[in-house]
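Read the structure below first, then the notes.
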Number of protein chains: 4
Amino acid sequence: MRFFSDNAAPACPAVIEAIAKANRLDTAYDGDAWSLRLDDTFSDIFETRVTALWVSTGTAANCLALAALCPPHGAIVCHRDAHIENDECGAPAFYTHGAKLTLVDGPGAKLTPDAVAAACDRVRDDVHQVQPRALSITNATEYGLVYRAPEVAALGELARSRKLGFHMDGARFANALVTTGESPADATWRAGVDALSFGFVKNGGMNAEALIFFRPELAAETLYRRKRAGHLLSKGRYLAAQILAMLDGDLWLANARAANRAATNLAKAAGDRLVHPVEANELFVRVTADEAASLRGQGFDFYDWAPGEIRLVTSWDQDMGAVTKLTAAISAL
Amino acid sequence: MRFFSDNAAPACPAVIEAIAKANRLDTAYDGDAWSLRLDDTFSDIFETRVTALWVSTGTAANCLALAALCPPHGAIVCHRDAHIENDECGAPAFYTHGAKLTLVDGPGAKLTPDAVAAACDRVRDDVHQVQPRALSITNATEYGLVYRAPEVAALGELARSRKLGFHMDGARFANALVTTGESPADATWRAGVDALSFGFVKNGGMNAEALIFFRPELAAETLYRRKRAGHLLSKGRYLAAQILAMLDGDLWLANARAANRAATNLAKAAGDRLVHPVEANELFVRVTADEAASLRGQGFDFYDWAPGEIRLVTSWDQDMGAVTKLTAAISAL
Amino acid sequence: MRFFSDNAAPACPAVIEAIAKANRLDTAYDGDAWSLRLDDTFSDIFETRVTALWVSTGTAANCLALAALCPPHGAIVCHRDAHIENDECGAPAFYTHGAKLTLVDGPGAKLTPDAVAAACDRVRDDVHQVQPRALSITNATEYGLVYRAPEVAALGELARSRKLGFHMDGARFANALVTTGESPADATWRAGVDALSFGFVKNGGMNAEALIFFRPELAAETLYRRKRAGHLLSKGRYLAAQILAMLDGDLWLANARAANRAATNLAKAAGDRLVHPVEANELFVRVTADEAASLRGQGFDFYDWAPGEIRLVTSWDQDMGAVTKLTAAISAL
Amino acid sequence: MRFFSDNAAPACPAVIEAIAKANRLDTAYDGDAWSLRLDDTFSDIFETRVTALWVSTGTAANCLALAALCPPHGAIVCHRDAHIENDECGAPAFYTHGAKLTLVDGPGAKLTPDAVAAACDRVRDDVHQVQPRALSITNATEYGLVYRAPEVAALGELARSRKLGFHMDGARFANALVTTGESPADATWRAGVDALSFGFVKNGGMNAEALIFFRPELAAETLYRRKRAGHLLSKGRYLAAQILAMLDGDLWLANARAANRAATNLAKAAGDRLVHPVEANELFVRVTADEAASLRGQGFDFYDWAPGEIRLVTSWDQDMGAVTKLTAAISAL
């Protein structure tokens, strides 16, 4: 019974079907019929004109966005536990040609305007120090917390006043939105976000993510950067088709709802053991080594996050029987 | 009737089936059952121990190889018409952190040891000039010519004597092999090749290419570079499954044979109009503008390569009826 | 008797004196009294508001300029024999993070608008090819030829129409100006130049060059790039003092006049042996190996440029007695 | 009365004289008589065969060393207050092509083996995280503390066991050595250091620093990197001559002794106000805003380090009269 990672889940059937349907002759790269529909489709979703680029990984989406927002000699302010800091092997430095990540603390991997402002204020305004040029947040965060639109907007306001480009890593953007019920527009560009990594893979996609630019001039240069990074697939239609299939009929929201629901059920059982509030599809649970062993002995698979703490992740296809069993097992600890 | 590009062709059915079969829970990244089989499978094919990494594009494969073989302050000797020079938007410079491409001429985009040696000799051996550190050839070449193993070996010998890493861009490696009938081993590492971009996408794959290292120590650092470039897909099993499906039963060779056969048929009709010998699945044909228009009027789609010259590319799924019609149309010009 | 390189010459006495005078307490980096005078002094010389940065080498000046004008995924059009291509160990790629040098031919290392336009036209306007973004010329050229202001202006017009940043490598800018008698302004920004590497070292300086930006917004980001490249010296006053000393009383022009005069004298003797017209302080002379040996036997030191061709360079301090002797020796060949 | 920065001090007379003496014709770049003596001279000092390269700044020395020791996808462990982190505008990332600085805390900007080991242990050994590949310490530290040879050796042992390259930023290496009385060899390579930035500028030099490699194979590639960074001056003899002048008769040690002595005198007056022990030429002193204003009113110039804390730096040429006055003024607070 798997609670290890949403990356371990399969792709959802609609994605596989879309790939099969897209398996015919078409123009190479991103000139095919599916790719050409992305801008319009995402513009509808975001209620404004956007430019949307497919890529194969969240790391590529994040780092192409950061390269568009921060010069090589600038700094990107982010949380100390951000994926771009901890889980991308320095990809931001590769794509930006050496920009620095300025790390900020905060509970649940969330940033606050005060903490970001303080980090910026610590930098002397001279050429000896790397100047902040961008801000990156993750929504839902690495600990499964969700920024509400007003929280994003407060950070967006700070970014604007400090002349920081504003990126949102939305590897679990769907999981965040189904929690808040906010519109994609309110959660992003209306709150000042310049570029969004719109995740699909953790939510039932196979290998397609979307990079959304709310300022189209940023996208123009990024087309070259994507090619230059080897991320312009020659048969791009299979990526575009996946994305369109997941947007169709709001499958992306349905998938996220399913994952979140499973997490919510588990959260009730975990109660005081929870390290963070559960607002998306991740749970961080305090268990002793013996308890962890006991759970494993009952067939549950999960990640040892830290001494005395495990991580449970639910997926779009989470087996609710397994959830029920795990709920019982946790309650019985 | 399509003769435009092998990138426009669909993926072959075995690839789509393999993806569907791989659509189940497994370890993320490259820890899944399919990915773990790659090293052994390719080691069998190459009759030596190799390390094989999947990536999504030929550009990524080429440039990860070059980054492993050439320092930022070195030069990569290649043909002036090489894909890495003309069609990758500077990706080699991005991945190598600024290495230079030293361009060499030669008919049919083929390099000879003499031409490579001359290019190296033109570089003064001092710190003011970028020193050659790697050699890259494409097999089959960008003009559809094929290096025979002894030709590769002569270049390999030169590379060894000049201390150049040796890379082969095998976007159409299968098309080359079915022409020569040589073994994969003879065509590569026995001839001195250090790293091979083993292409699948142009040959019926969807979005998986293999990067083969014949010197495993090069692969170790490349694992970090792949991640850092955003090319470590979180659900890598779909790439590995494609590759295994194409290797199974030598489908990769069968596909290439089909494409080459179509090209050979067309070549007979083109006769003296051919700019280069036809040894793989590409034809470069001299036609006037009127003739090109006439062919297009009959429903044939192709690329205008240069004034008075068109390019025809055949694919693994080339419709032989269309080939017959085009043969007749060319003969009738 | 030295005709090997203007880099071998000593610094002129005024430079050494200026360094000694500057040897007192002052603010570190570029906050000292000398550095603060550079913008105004160069603005007077160029009859417009400029920003001037000192650096220690021409390579640093060139590459900081190119990094300000060309993105990592762009190309810089330059002559095949340009210093940035041949003599800087790939520094342009290091500073620009991988921009490409697109090489153009032309007699005497001079570029023409037609040749530059043709090079640009060869690039397909798509993301697969590196797009031209900057143009760099050297004045005087690597073969000692001089661009007249109207020639620069024709290139500047082309650059503007093609949206190319325009850089001039003026390692021998003084030598060019004393030949044409043009004003610094006419030779640069009035002809469309955006950034100039204003050379002092080959002209009697010790280790200070100036990078002049005619578009101050380019300079702002370059201040960070200079620091980041380790080129913001902590005691910058010694560089600024050198530059001011050479500008004072037009010493820079007097030095260049002396060097050019020596070259002109030699040119008369060389006559038909000259490979290029002599317009600055370099001569390329056809001599047989025996003749070269004979000249060396008489005590003349010079560079073997190519088989059958030697290079003679004269300096600000050229001993006119040696010039007379070499004139006679060449005539006697 | 200046206690602001040792960068504000002039160059010592021997340096100016050496420059004047070197002002004659010689081979360009680093082929001159002075540059050619560096390897031997430093090899004598270090009692082993070393390779020594001049550069113009400590930033260049540090970053060339780091680029030789750490790949683009690696991390350099250093103190949170290290110069490479705080005062070089991201130059390490520029030179290493994006390596990460992993920050470690510790009193007085000193690192301990335990703290370094803990930082390494926090990194998961997989491709998702940037792996530690180098260690960099500063001696004397940014807070004026000195590592003793056994402390360096303990870090060197850790570096060896963890396969980390080991760099020492010796901007104030002389100040450290005169405090410990240790030999240069004991303080560096015998303690496991691979590369040393040997500072001269803060100690009476004008614009020459030395980069010392204790593993000559590292130097070979660095020669290209230096040129590529624009740090191979065309008249390098003026840098080499400065360095030789300061090494001659142990002037470098005499200068450092003078600076340290002034600091020691001040330290006695500062007593309990000292934030850190005074072991080199820097003092960090707790004073109220009113007290700072009072000192400034008496003509003393210094840096406001933090609220309630000022930094005093003494130089090779520190006026002992001013020191006496400041001693009295501090005692009178």
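Chain labels run A, B, ... following the order of the structure tokens; each chain numbers its residues from 1, and ligands are numbered from 1 in the order shown.
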
**OP:** Just need the residues of chain D within 8 Å of chain C, counting only C-alpha atoms, so spit them out as a count of residues only.
**Re:** 39

Original post:
DSSP on the backbone: what in range 49-285 of chain A comes out alpha helix (DSSP H), as number ranges by chain?
Top reply: A: 58-69, 83-86, 91-96, 113-121, 149-161, 173-180, 184-187, 216-228, 237-247, 251-270

List every residue of range 51-262 of chain C that DSSP, applied to the backbone of this structure, places in strand (DSSP E or B), and write the result as a compact mmCIF listing (two decimals) with N, CA, C and O atoms, in the first residue's frame.
# COMPACT_ATOMS: atom_id res chain seq x y z
N THR C 51 29.61 56.32 -19.57
CA THR C 51 30.05 55.70 -18.33
C THR C 51 31.31 54.92 -18.65
O THR C 51 31.36 54.20 -19.65
N ALA C 52 32.33 55.10 -17.81
CA ALA C 52 33.64 54.50 -18.07
C ALA C 52 34.04 53.63 -16.90
O ALA C 52 34.00 54.06 -15.75
N LEU C 53 34.41 52.39 -17.19
CA LEU C 53 34.87 51.46 -16.16
C LEU C 53 36.29 51.04 -16.47
O LEU C 53 36.59 50.66 -17.59
N TRP C 54 37.16 51.07 -15.47
CA TRP C 54 38.48 50.52 -15.69
C TRP C 54 38.46 49.01 -15.49
O TRP C 54 37.70 48.49 -14.67
N VAL C 55 39.30 48.34 -16.24
CA VAL C 55 39.60 46.92 -16.04
C VAL C 55 41.07 46.72 -16.36
O VAL C 55 41.71 47.62 -16.90
N GLY C 74 22.45 34.04 -27.74
CA GLY C 74 22.61 34.82 -28.97
C GLY C 74 23.98 34.62 -29.60
O GLY C 74 24.83 33.92 -29.06
N ALA C 75 24.15 35.23 -30.77
CA ALA C 75 25.43 35.16 -31.47
C ALA C 75 25.99 36.56 -31.67
O ALA C 75 25.24 37.53 -31.82
N ILE C 76 27.31 36.63 -31.65
CA ILE C 76 28.04 37.86 -31.90
C ILE C 76 28.72 37.70 -33.25
O ILE C 76 29.52 36.78 -33.43
N VAL C 77 28.40 38.56 -34.17
CA VAL C 77 29.03 38.50 -35.49
C VAL C 77 30.37 39.22 -35.40
O VAL C 77 30.44 40.36 -34.92
N CYS C 78 31.42 38.55 -35.83
CA CYS C 78 32.74 39.19 -35.83
C CYS C 78 33.58 38.60 -36.96
O CYS C 78 33.17 37.65 -37.62
N HIS C 79 34.74 39.17 -37.16
CA HIS C 79 35.64 38.67 -38.20
C HIS C 79 36.31 37.38 -37.74
O HIS C 79 36.57 37.21 -36.55
N LYS C 100 27.59 32.54 -29.05
CA LYS C 100 28.36 32.00 -30.17
C LYS C 100 29.01 33.14 -30.94
O LYS C 100 28.45 34.23 -31.05
N LEU C 101 30.19 32.89 -31.47
CA LEU C 101 30.79 33.85 -32.39
C LEU C 101 30.52 33.38 -33.81
O LEU C 101 30.91 32.27 -34.19
N THR C 102 29.81 34.20 -34.55
CA THR C 102 29.54 33.89 -35.96
C THR C 102 30.59 34.60 -36.79
O THR C 102 30.70 35.82 -36.76
N LEU C 103 31.36 33.82 -37.52
CA LEU C 103 32.58 34.34 -38.15
C LEU C 103 32.32 34.78 -39.58
O LEU C 103 31.66 34.09 -40.36
N VAL C 104 32.90 35.93 -39.90
CA VAL C 104 32.73 36.53 -41.22
C VAL C 104 34.12 36.80 -41.78
O VAL C 104 35.03 37.17 -41.04
N GLN C 131 20.53 33.03 -32.86
CA GLN C 131 20.22 34.27 -33.57
C GLN C 131 21.27 35.35 -33.30
O GLN C 131 21.68 35.54 -32.15
N PRO C 132 21.67 36.07 -34.33
CA PRO C 132 22.63 37.18 -34.13
C PRO C 132 22.03 38.26 -33.24
O PRO C 132 20.89 38.67 -33.45
N ARG C 133 22.80 38.67 -32.27
CA ARG C 133 22.33 39.70 -31.34
C ARG C 133 23.33 40.84 -31.17
O ARG C 133 23.01 41.86 -30.58
N ALA C 134 24.56 40.63 -31.62
CA ALA C 134 25.56 41.69 -31.47
C ALA C 134 26.55 41.63 -32.62
O ALA C 134 26.70 40.60 -33.30
N LEU C 135 27.21 42.74 -32.83
CA LEU C 135 28.24 42.88 -33.85
C LEU C 135 29.47 43.44 -33.16
O LEU C 135 29.36 44.36 -32.35
N SER C 136 30.63 42.86 -33.45
CA SER C 136 31.86 43.37 -32.85
C SER C 136 32.91 43.59 -33.94
O SER C 136 33.16 42.70 -34.74
N ILE C 137 33.47 44.78 -33.97
CA ILE C 137 34.57 45.05 -34.89
C ILE C 137 35.79 45.51 -34.09
O ILE C 137 35.67 45.92 -32.94
N THR C 138 36.93 45.44 -34.72
CA THR C 138 38.18 45.85 -34.08
C THR C 138 38.74 47.02 -34.88
O THR C 138 38.86 46.92 -36.10
N GLY C 165 23.40 44.66 -30.92
CA GLY C 165 24.27 45.54 -30.15
C GLY C 165 25.59 45.70 -30.91
O GLY C 165 26.00 44.80 -31.63
N PHE C 166 26.27 46.84 -30.72
CA PHE C 166 27.45 47.14 -31.55
C PHE C 166 28.63 47.46 -30.64
O PHE C 166 28.62 48.46 -29.92
N HIS C 167 29.62 46.62 -30.71
CA HIS C 167 30.82 46.77 -29.88
C HIS C 167 32.05 47.03 -30.75
O HIS C 167 32.19 46.44 -31.82
N MET C 168 32.90 47.92 -30.28
CA MET C 168 34.18 48.14 -30.94
C MET C 168 35.31 47.78 -29.99
O MET C 168 35.40 48.31 -28.88
N ASP C 169 36.15 46.84 -30.45
CA ASP C 169 37.37 46.51 -29.72
C ASP C 169 38.43 47.53 -30.15
O ASP C 169 38.95 47.47 -31.26
N GLY C 170 38.70 48.47 -29.26
CA GLY C 170 39.65 49.53 -29.57
C GLY C 170 40.98 49.34 -28.86
O GLY C 170 41.52 50.28 -28.30
N ALA C 195 29.29 50.27 -27.24
CA ALA C 195 30.30 50.06 -26.21
C ALA C 195 31.66 49.94 -26.86
O ALA C 195 31.80 49.33 -27.93
N LEU C 196 32.64 50.54 -26.21
CA LEU C 196 34.00 50.59 -26.76
C LEU C 196 35.00 50.09 -25.74
O LEU C 196 35.00 50.55 -24.59
N SER C 197 35.84 49.17 -26.16
CA SER C 197 37.01 48.81 -25.35
C SER C 197 38.11 49.79 -25.75
O SER C 197 38.63 49.71 -26.86
N PHE C 198 38.41 50.69 -24.85
CA PHE C 198 39.35 51.78 -25.15
C PHE C 198 40.70 51.35 -24.59
O PHE C 198 40.90 51.34 -23.37
N GLU C 209 42.79 49.40 -18.80
CA GLU C 209 42.01 49.64 -20.01
C GLU C 209 40.71 50.28 -19.57
O GLU C 209 40.30 50.13 -18.41
N ALA C 210 40.05 50.94 -20.49
CA ALA C 210 38.75 51.54 -20.14
C ALA C 210 37.66 50.90 -20.99
O ALA C 210 37.85 50.65 -22.18
N LEU C 211 36.55 50.63 -20.33
CA LEU C 211 35.36 50.15 -21.04
C LEU C 211 34.36 51.29 -21.03
O LEU C 211 33.94 51.74 -19.95
N ILE C 212 34.02 51.75 -22.22
CA ILE C 212 33.15 52.93 -22.34
C ILE C 212 31.78 52.50 -22.83
O ILE C 212 31.66 51.83 -23.87
N PHE C 213 30.76 52.88 -22.08
CA PHE C 213 29.38 52.61 -22.51
C PHE C 213 28.73 53.91 -22.97
O PHE C 213 28.68 54.88 -22.21
N LYS C 235 42.27 48.34 -4.95
CA LYS C 235 42.94 49.65 -4.98
C LYS C 235 42.88 50.17 -6.42
O LYS C 235 43.91 50.27 -7.12

**OP:** For CA of Arg215 in chain A and CA of Ser183 in chain A, quote the distance in Å rounded to one decimal.
**Re:** 18.6 Å

**OP:** Between CA of Gly308 in chain C and CA of Arg273 in chain C, measure the distance and give it in Å to one decimal.
**Re:**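 Distance between the two atoms: 10.4 Å.
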
**OP:** Calculate how many Å separate CA of His73 in chain D from CA of Ala99 in chain D, rounding to one decimal.
**Re:**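 If I compute the distance from CA of His73 in chain D to CA of Ala99 in chain D, I get 5.5 Å.
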
**OP:** Would you list the contacts of Arg286 in chain A as JSON, numbers by chain, taking every protein, DNA or RNA residue within 9 Å and counting only C-alpha atoms, but skipping same-chain residues closer than 6 positions in sequence?
**Re:** {"A": [270, 272, 273, 274, 275, 307, 308, 309, 310]}

Original post:
Neighbours of range 324-330 of chain D within 12 Å (only C-alpha atoms; same-chain residues fewer than 2 positions away dropped), as a VMD selection string?
Top reply: chain D and resid 1 to 3 261 to 274 285 to 288 291 to 302 310 312 314 318 to 322 332 to 333

How would the residues just chosen look if you wrote them out with N, CA and C atoms as a compact mmCIF listing (two decimals), in the first residue's frame?
# COMPACT_ATOMS: atom_id res chain seq x y z
N MET D 1 42.25 59.97 10.81
CA MET D 1 42.98 58.80 11.28
C MET D 1 42.21 57.55 10.84
N ARG D 2 42.81 56.79 9.99
CA ARG D 2 42.14 55.76 9.24
C ARG D 2 42.24 54.38 9.91
N PHE D 3 41.10 53.82 10.21
CA PHE D 3 41.00 52.43 10.67
C PHE D 3 39.88 51.73 9.90
N ARG D 261 50.56 44.39 15.23
CA ARG D 261 50.99 45.07 16.45
C ARG D 261 50.04 46.23 16.78
N ALA D 262 49.69 46.98 15.76
CA ALA D 262 48.75 48.09 15.98
C ALA D 262 47.42 47.55 16.51
N ALA D 263 47.00 46.45 15.94
CA ALA D 263 45.72 45.87 16.39
C ALA D 263 45.81 45.37 17.82
N THR D 264 46.92 44.78 18.16
CA THR D 264 47.10 44.26 19.52
C THR D 264 47.04 45.40 20.54
N ASN D 265 47.68 46.50 20.18
CA ASN D 265 47.63 47.66 21.08
C ASN D 265 46.20 48.13 21.30
N LEU D 266 45.47 48.22 20.22
CA LEU D 266 44.08 48.67 20.34
C LEU D 266 43.25 47.68 21.14
N ALA D 267 43.57 46.40 20.96
CA ALA D 267 42.78 45.36 21.63
C ALA D 267 42.85 45.50 23.14
N LYS D 268 44.03 45.88 23.62
CA LYS D 268 44.16 46.04 25.08
C LYS D 268 43.22 47.11 25.59
N ALA D 269 43.15 48.20 24.84
CA ALA D 269 42.25 49.28 25.26
C ALA D 269 40.79 48.85 25.18
N ALA D 270 40.48 48.06 24.17
CA ALA D 270 39.07 47.69 23.96
C ALA D 270 38.57 46.70 24.99
N GLY D 271 39.45 45.84 25.47
CA GLY D 271 39.10 44.93 26.56
C GLY D 271 37.80 44.18 26.34
N ASP D 272 36.89 44.35 27.29
CA ASP D 272 35.63 43.61 27.26
C ASP D 272 34.73 44.01 26.10
N ARG D 273 35.06 45.09 25.49
CA ARG D 273 34.24 45.52 24.36
C ARG D 273 34.46 44.66 23.11
N LEU D 274 35.49 43.87 23.12
CA LEU D 274 35.81 43.07 21.92
C LEU D 274 34.77 41.97 21.69
N VAL D 285 34.38 45.87 17.80
CA VAL D 285 34.28 46.50 19.11
C VAL D 285 32.85 46.96 19.37
N ARG D 286 32.35 46.59 20.53
CA ARG D 286 31.01 47.03 20.92
C ARG D 286 31.07 48.48 21.39
N VAL D 287 30.37 49.34 20.69
CA VAL D 287 30.24 50.74 21.14
C VAL D 287 28.81 51.17 20.87
N THR D 288 28.32 52.08 21.67
CA THR D 288 26.98 52.62 21.40
C THR D 288 27.08 53.60 20.24
N GLU D 291 28.85 56.63 21.40
CA GLU D 291 30.31 56.44 21.49
C GLU D 291 30.96 56.45 20.10
N ALA D 292 30.28 55.80 19.15
CA ALA D 292 30.83 55.81 17.79
C ALA D 292 30.91 57.23 17.26
N ALA D 293 29.86 57.99 17.53
CA ALA D 293 29.86 59.38 17.07
C ALA D 293 30.98 60.17 17.73
N SER D 294 31.19 59.88 18.99
CA SER D 294 32.26 60.58 19.70
C SER D 294 33.62 60.28 19.10
N LEU D 295 33.85 59.01 18.78
CA LEU D 295 35.14 58.63 18.17
C LEU D 295 35.29 59.31 16.81
N ARG D 296 34.24 59.30 16.05
CA ARG D 296 34.30 59.97 14.73
C ARG D 296 34.58 61.46 14.91
N GLY D 297 33.96 62.02 15.94
CA GLY D 297 34.17 63.44 16.19
C GLY D 297 35.63 63.75 16.51
N GLN D 298 36.32 62.74 17.03
CA GLN D 298 37.74 62.94 17.35
C GLN D 298 38.65 62.62 16.15
N GLY D 299 38.00 62.31 15.01
CA GLY D 299 38.81 62.16 13.79
C GLY D 299 39.15 60.74 13.41
N PHE D 300 38.50 59.79 14.05
CA PHE D 300 38.79 58.39 13.72
C PHE D 300 37.79 57.89 12.68
N ASP D 301 38.30 57.21 11.67
CA ASP D 301 37.47 56.70 10.59
C ASP D 301 37.41 55.18 10.69
N PHE D 302 36.20 54.64 10.66
CA PHE D 302 36.04 53.17 10.77
C PHE D 302 34.70 52.78 10.17
N ILE D 310 31.44 48.24 15.88
CA ILE D 310 32.25 48.84 14.82
C ILE D 310 33.42 47.92 14.50
N LEU D 312 37.41 47.91 13.27
CA LEU D 312 38.66 48.66 13.09
C LEU D 312 39.64 47.75 12.37
N THR D 314 43.66 47.61 10.97
CA THR D 314 44.96 48.27 10.93
C THR D 314 45.73 47.79 9.71
N GLN D 318 50.28 51.54 9.45
CA GLN D 318 49.45 52.22 10.44
C GLN D 318 50.28 53.24 11.23
N ASP D 319 49.77 54.43 11.29
CA ASP D 319 50.43 55.49 12.05
C ASP D 319 50.29 55.19 13.54
N MET D 320 51.40 54.95 14.22
CA MET D 320 51.31 54.53 15.62
C MET D 320 50.85 55.69 16.51
N GLY D 321 51.06 56.90 16.06
CA GLY D 321 50.50 58.03 16.80
C GLY D 321 48.98 57.96 16.83
N ALA D 322 48.41 57.65 15.69
CA ALA D 322 46.95 57.53 15.62
C ALA D 322 46.48 56.37 16.47
N ALA D 332 38.83 55.97 27.18
CA ALA D 332 38.09 57.08 27.81
C ALA D 332 36.59 56.99 27.61
N LEU D 333 36.15 56.07 26.81
CA LEU D 333 34.70 56.00 26.53
C LEU D 333 33.91 55.74 27.80
